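Student: Right, I'll just put the structure down here and ask away after.
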Amino acid sequence: MNDLELIDVKLVAEQEFNWERLTNKTVLLSGGTGFIGSFIINVFRYRNKYHNQGIKVISLSRRGGNSDSNIKYVKADITKEIKIEEHVDFVLHLASNTHPKQYGSDPVGTITTNVIGCNNLLSFSSLNHVERFLLASSVEIYGEGSNFPMNELYSGYINCNDARSGYNEAKRTCEALCQSYKSQYNIDIVIARLSRVFGADTKDDSKAMAQFMSKAVAGKDILLKSKGNQRYSYCYVADAASGILKVLLDGKNGEAYNISDDDENLTLREYANYLANISGNKVNMQIEENKNTSKSINAILDTNKIKQLGWHPIFTVSDALMRTYKIYKERILKN
């Protein structure tokens, strides 16, 4: 990690959360090598190093990884039975296909990884009497959105007869599974509904904002494939991680919480122009039909509920975009 990334981790790790709840506890985290999962693991590393918390992490992913004294990386497919010998106190289910290209190239895997994986982890949690299960859900469960900020009680339209809807419907099913396990097996569950997350990911991301950033960092004109009138909620990876941890530590059993940076009243096109101005380039429009893109036009999340827990985003979207751009540029200089 470079200096800005280290600062991001520190900012999250030093939030005034109920961290004592994790002291000497073991966290099982699916998707631990993913973008958000790896950030959260770095927060736990920081808490262990500077606050002597003794948090142990078991990371499940298809890639595995190199374990150390506090972090155990396990190569696993969550669509298979979960077999962990250690006692587990908390389960964070973050693993999922999250990019439009994945929805298009592997729509079946998108559904099965979400639904079967969630069921397997919930079953594991029930059998092992974990303290709390957290599901990372998505703004996509609200479907095509609405003309007003969507709170946690809103239920939007989804056309289920569309392969692109597999992700939306799978996340809805995962939420229903969580509530079903809570009702039938008395599991303590919380749900974190994430807006569109961005940041300096090390893997390819086919979402629009990531594509804009990729062009900006490369010093190329940004390609806008629609009129750009969409208004979406966004969340910087550090704020996504802090929101998830806040819900894990202080959320109410059975409740879902929207997590997003504050709305800046900017459209997708305006964000594209912002990144073009940062990089000294321009925006070119090339409208094309893409069946894998979201159908929503207005998808702004109401975050009052999580703010009532005492959580607030650390960054604005614009500031975080500038930060992301600088992190990418610093990586290029180092290489």
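In the structure tokens, each chain is lettered A, B, ... as it comes, each chain's residues begin at 1, and ligands are numbered from 1 in order of appearance.
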So that I can check the surroundings of Arg132 in chain A, please list as a list of chain:residue names every protein, DNA and RNA residue that reaches within 10 Å of it, counting only C-alpha atoms and ignoring chain neighbours fewer than 2 positions away.
Tutor: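 My reading of the contact set: A:Val27, A:Val88, A:Asp89, A:Phe90, A:Val91, A:Leu92, A:Ser125, A:Ser126, A:His129, A:Val130, A:Leu134, A:Ile187, A:Asp188, A:Ile189, A:Val190, A:Leu248, A:Leu249, A:Asn253.
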Student: Next, the residues of the selection above should be written as an mmCIF file, in the first residue's frame with C-alpha atoms.
Tutor:
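Result written to part-v6.cif:
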```cif
data_model
loop_
_atom_site.group_PDB
_atom_site.id
_atom_site.type_symbol
_atom_site.label_atom_id
_atom_site.label_comp_id
_atom_site.auth_asym_id
_atom_site.auth_seq_id
_atom_site.Cartn_x
_atom_site.Cartn_y
_atom_site.Cartn_z
ATOM 1 C CA VAL A 27 -13.839 -13.410 12.137
ATOM 2 C CA VAL A 88 -15.710 -18.568 14.767
ATOM 3 C CA ASP A 89 -17.359 -15.593 16.473
ATOM 4 C CA PHE A 90 -18.378 -13.411 13.509
ATOM 5 C CA VAL A 91 -19.099 -14.154 9.841
ATOM 6 C CA LEU A 92 -18.867 -11.468 7.135
ATOM 7 C CA SER A 125 -23.162 -19.898 11.394
ATOM 8 C CA SER A 126 -26.204 -21.686 12.766
ATOM 9 C CA HIS A 129 -23.556 -20.562 17.119
ATOM 10 C CA VAL A 130 -21.697 -17.503 15.859
ATOM 11 C CA LEU A 134 -23.262 -9.876 8.314
ATOM 12 C CA ILE A 187 -29.249 -16.313 14.224
ATOM 13 C CA ASP A 188 -28.220 -12.719 14.881
ATOM 14 C CA ILE A 189 -27.984 -11.125 11.418
ATOM 15 C CA VAL A 190 -27.355 -7.658 9.998
ATOM 16 C CA LEU A 248 -21.284 -5.325 12.301
ATOM 17 C CA LEU A 249 -20.455 -3.761 15.657
ATOM 18 C CA ASN A 253 -30.263 -7.652 14.910
#
```
Student: Write out as a list in words each polymer residue whose atoms come within 10 Å of Lys25 in chain A, counting only C-alpha atoms; drop sequence neighbours fewer than 4 positions from it.
Tutor: Glu20, Arg21, Gln53, Gly54, Ile55, Lys56, Val57, His87, Val88, Asp89, Phe90 and Glu131 of chain A
Student: Using all heavy atoms, can you export the residues from the last selection as a short mmCIF file (atom, residue, chain, number, x, y, z; two decimals), in the first residue's frame?
Tutor:
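Final file, again-v8.cif:
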```cif
data_model
loop_
_atom_site.label_atom_id
_atom_site.label_comp_id
_atom_site.auth_asym_id
_atom_site.auth_seq_id
_atom_site.Cartn_x
_atom_site.Cartn_y
_atom_site.Cartn_z
N GLU A 20 -14.11 -3.03 21.01
CA GLU A 20 -13.87 -4.01 22.06
C GLU A 20 -14.63 -5.31 21.80
O GLU A 20 -14.23 -6.38 22.26
CB GLU A 20 -14.28 -3.45 23.42
CG GLU A 20 -13.41 -2.32 23.93
CD GLU A 20 -13.68 -0.99 23.22
OE1 GLU A 20 -14.74 -0.88 22.55
OE2 GLU A 20 -12.83 -0.08 23.31
N ARG A 21 -15.69 -5.20 21.03
CA ARG A 21 -16.50 -6.39 20.72
C ARG A 21 -15.69 -7.43 19.93
O ARG A 21 -16.03 -8.61 19.94
CB ARG A 21 -17.74 -5.96 19.93
CG ARG A 21 -18.78 -7.05 19.79
CD ARG A 21 -20.07 -6.53 19.20
NE ARG A 21 -21.04 -7.60 19.08
CZ ARG A 21 -22.26 -7.46 18.57
NH1 ARG A 21 -22.67 -6.28 18.15
NH2 ARG A 21 -23.08 -8.49 18.49
N GLN A 53 -5.48 -5.91 19.77
CA GLN A 53 -6.82 -6.48 19.90
C GLN A 53 -6.88 -7.99 19.77
O GLN A 53 -7.84 -8.62 20.21
CB GLN A 53 -7.77 -5.83 18.89
CG GLN A 53 -8.24 -4.47 19.37
CD GLN A 53 -9.66 -4.19 18.92
OE1 GLN A 53 -9.86 -3.37 18.06
NE2 GLN A 53 -10.64 -4.85 19.50
N GLY A 54 -5.89 -8.58 19.13
CA GLY A 54 -5.90 -10.03 19.00
C GLY A 54 -7.01 -10.56 18.12
O GLY A 54 -7.53 -11.66 18.36
N ILE A 55 -7.39 -9.78 17.09
CA ILE A 55 -8.43 -10.23 16.16
C ILE A 55 -7.82 -11.27 15.21
O ILE A 55 -6.80 -11.02 14.59
CB ILE A 55 -9.00 -9.06 15.34
CG1 ILE A 55 -9.54 -7.97 16.26
CG2 ILE A 55 -10.09 -9.55 14.39
CD1 ILE A 55 -9.84 -6.66 15.54
N LYS A 56 -8.45 -12.42 15.13
CA LYS A 56 -8.02 -13.44 14.18
C LYS A 56 -9.00 -13.49 13.01
O LYS A 56 -10.21 -13.38 13.20
CB LYS A 56 -7.94 -14.81 14.86
CG LYS A 56 -6.85 -14.87 15.94
CD LYS A 56 -6.74 -16.25 16.54
CE LYS A 56 -5.63 -16.29 17.58
NZ LYS A 56 -5.49 -17.63 18.21
N VAL A 57 -8.46 -13.64 11.82
CA VAL A 57 -9.29 -13.63 10.62
C VAL A 57 -9.06 -14.92 9.82
O VAL A 57 -7.92 -15.33 9.62
CB VAL A 57 -8.96 -12.42 9.72
CG1 VAL A 57 -9.83 -12.44 8.46
CG2 VAL A 57 -9.17 -11.12 10.47
N HIS A 87 -13.00 -22.24 16.12
CA HIS A 87 -14.21 -21.58 16.58
C HIS A 87 -14.31 -20.21 15.91
O HIS A 87 -13.32 -19.49 15.82
CB HIS A 87 -14.21 -21.40 18.10
CG HIS A 87 -15.34 -20.56 18.59
ND1 HIS A 87 -16.64 -21.01 18.63
CD2 HIS A 87 -15.37 -19.26 19.03
CE1 HIS A 87 -17.43 -20.05 19.09
NE2 HIS A 87 -16.69 -18.98 19.34
N VAL A 88 -15.48 -19.85 15.45
CA VAL A 88 -15.71 -18.57 14.77
C VAL A 88 -16.74 -17.76 15.54
O VAL A 88 -17.78 -18.28 15.94
CB VAL A 88 -16.18 -18.79 13.31
CG1 VAL A 88 -16.60 -17.49 12.66
CG2 VAL A 88 -15.09 -19.48 12.50
N ASP A 89 -16.45 -16.47 15.73
CA ASP A 89 -17.36 -15.59 16.47
C ASP A 89 -18.23 -14.75 15.55
O ASP A 89 -19.41 -14.51 15.85
CB ASP A 89 -16.55 -14.67 17.39
CG ASP A 89 -15.74 -15.44 18.40
OD1 ASP A 89 -16.33 -16.03 19.32
OD2 ASP A 89 -14.49 -15.48 18.26
N PHE A 90 -17.65 -14.26 14.45
CA PHE A 90 -18.38 -13.41 13.51
C PHE A 90 -18.16 -13.92 12.08
O PHE A 90 -17.07 -14.38 11.74
CB PHE A 90 -17.89 -11.96 13.58
CG PHE A 90 -18.16 -11.28 14.89
CD1 PHE A 90 -17.22 -11.31 15.91
CD2 PHE A 90 -19.36 -10.61 15.12
CE1 PHE A 90 -17.46 -10.69 17.12
CE2 PHE A 90 -19.61 -9.99 16.33
CZ PHE A 90 -18.66 -10.03 17.33
N GLU A 131 -21.66 -15.34 16.92
CA GLU A 131 -22.23 -14.19 17.61
C GLU A 131 -23.05 -13.32 16.67
O GLU A 131 -24.10 -12.79 17.05
CB GLU A 131 -21.09 -13.37 18.24
CG GLU A 131 -21.53 -12.25 19.13
CD GLU A 131 -20.38 -11.59 19.86
OE1 GLU A 131 -19.37 -12.28 20.13
OE2 GLU A 131 -20.48 -10.38 20.15
#
```
Student: In Å to one decimal, how far is CA of Thr324 in chain A from CA of Gly199 in chain A?
Tutor: 5.4 Å
Student: In terms of the shortest atom-to-atom distance over only C-alpha atoms, which of A:Gly31, A:Gly166, A:Gly145, A:Gly243 is closest to Arg193 in chain A?
Tutor: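 With only C-alpha atoms as the atom set, the closest residue is A:Gly243.
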Student: Determine, counting only C-alpha atoms, which protein, DNA and RNA residues have an atom within 9 Å of an atom of range 295-303 of chain A; residues of the same chain fewer than 5 positions away are not included. Present the result as number ranges by chain.
Tutor: A: 139-140, 142-152, 158, 195, 229-234, 257-263, 308, 312
Student: Would you mind listing what lies within 6 Å of range 224-228 of chain A as a PyMOL selection string, with only C-alpha atoms counted and same-chain residues fewer than 6 positions away left out?
Tutor: chain A and resi 268-269+284-288
Student: Those residues with N, CA and C atoms, as an mmCIF file, in the first residue's frame please?
Tutor:
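Below you can see out_24.cif, which holds the result:
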```
data_model
loop_
_atom_site.group_PDB
_atom_site.id
_atom_site.type_symbol
_atom_site.label_atom_id
_atom_site.label_comp_id
_atom_site.auth_asym_id
_atom_site.auth_seq_id
_atom_site.Cartn_x
_atom_site.Cartn_y
_atom_site.Cartn_z
ATOM 1 N N LEU A 268 -23.982 11.094 -13.750
ATOM 2 C CA LEU A 268 -22.854 10.295 -14.217
ATOM 3 C C LEU A 268 -21.988 11.100 -15.185
ATOM 4 N N ARG A 269 -22.619 11.863 -16.051
ATOM 5 C CA ARG A 269 -21.865 12.692 -16.990
ATOM 6 C C ARG A 269 -21.035 13.751 -16.267
ATOM 7 N N ASN A 284 -15.899 12.011 -24.396
ATOM 8 C CA ASN A 284 -16.502 11.709 -25.687
ATOM 9 C C ASN A 284 -17.720 10.821 -25.464
ATOM 10 N N MET A 285 -18.796 11.116 -26.168
ATOM 11 C CA MET A 285 -20.021 10.332 -26.026
ATOM 12 C C MET A 285 -20.139 9.342 -27.171
ATOM 13 N N GLN A 286 -20.376 8.086 -26.820
ATOM 14 C CA GLN A 286 -20.584 7.039 -27.820
ATOM 15 C C GLN A 286 -21.682 6.120 -27.295
ATOM 16 N N ILE A 287 -22.916 6.499 -27.543
ATOM 17 C CA ILE A 287 -24.055 5.778 -26.969
ATOM 18 C C ILE A 287 -24.158 4.391 -27.594
ATOM 19 N N GLU A 288 -24.228 3.387 -26.720
ATOM 20 C CA GLU A 288 -24.399 2.017 -27.200
ATOM 21 C C GLU A 288 -25.265 1.246 -26.214
#
```
Student: Enumerate as a PyMOL selection string all residues of range 97-173 of chain A assigned to alpha helix (DSSP H) by DSSP on the backbone, naming them with the chain letters and numbers the document uses.
Tutor: chain A and resi 100-105+107-127+166-173
Student: From the set A:Tyr50, A:Gln184, A:Asp3, A:Thr316, which residue has the shortest atom-to-atom contact distance to Leu266 in chain A, counting only C-alpha atoms?
Tutor: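 Under the stated criterion, the closest residue is A:Thr316.
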Student: Which neighbours of range 167-183 of chain A fall inside 10 Å, counting only C-alpha atoms, when residues of the same chain fewer than 5 positions from it are skipped, and could you give them as a ChimeraX atom specification?
Tutor: /A:96-100,102-103,107-119,122-123,125-126,133-143,158-160,188-193,253-256,294
Student: Could you tell me how far CA of Ala216 in chain A lies from CA of Asn281 in chain A, in Å and to one decimal?
Tutor: 7.4 Å
Student: Return the single residue from A:Pro313, A:Gly32, A:Gly104, A:Gly37 that is closest to Tyr236 in chain A, with distances computed using only C-alpha atoms.
Tutor: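 Of the candidates, the smallest distance to Tyr236 in chain A is held by A:Pro313.
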